[in-house]
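Trainee: Structure below; questions to follow.
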Amino acid sequence: RVFHGELPCCRCEHKGMEMCDRQSLVVPILGLYGELLRAAHDGFKTGGDVSAVNAFLSEVQKHQDDVFPEKFNRVMWRKNKRVVEEVVLFGDLIERMRERIKKGTMFVAGERGFGTESTKSSDFLRHGKNDFIRHGSLPEEAEGNGKGEDVA
């Protein structure tokens, strides 16, 4: 229940902050969940023993709304006024992650043997406001960095 606790930024009501720490945890936790899904999917395809992974995923799925809340209410201060706003956390990202794993499009090796499918297509996972997290997309100024490197 990581996302139901009161984080230090929440106790300060996000004064002087652009976002809540909960929002910064979405992508890493989504990545860990994706790795578990991939391990279960790959194990199923190869006949490996993934019973422990499947048991864990089953528990997560039973409590999905608590583990991966779609939204939360964030208290912030704007122009010396206390504002409560509903903010997207995981939204539909969990379902989209499951679909990518099922389709086998989660990971595509790049030139150097690493990369993700989401960095190679226009169908990337977008999360939050336009200027928040764009998993797999590149800022316009970084796309043409001239070095031929993927920018994370």
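Just remember, in the structure tokens the first chain shown is A, the second B, etc., residues are 1-based per chain, and ligands are 1-based in the order shown.
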Would you pick out the contacts of Lys102 (chain A) at 10 Å or less, using only C-alpha atoms, so that residues sharing its chain but fewer than 3 positions from it are not included, and give the list as a PyMOL selection string?
Mentor: chain A and resi 37-38+41-42+96-99+105-106
Trainee: Find the residues near Lys81 (chain A): any atom within 12 Å, counting only C-alpha atoms, skip ones fewer than 4 places away on the same chain, and give them as an MDAnalysis selection string.
Mentor: chainID A and resid 13 15 75:77
Trainee: Of the candidates A:Ile29, A:Val67, A:Val50, A:Cys10, which shows the shortest atom-to-atom distance to Val84 (chain A), using only C-alpha atoms?
Mentor: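 Smallest distance to Val84 (chain A) is found for A:Cys10.
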Trainee: Give me, please, the distance in Å between CA of Val88 (chain A) and CA of Ser58 (chain A), quoted to one decimal.
Mentor: 24.2 Å
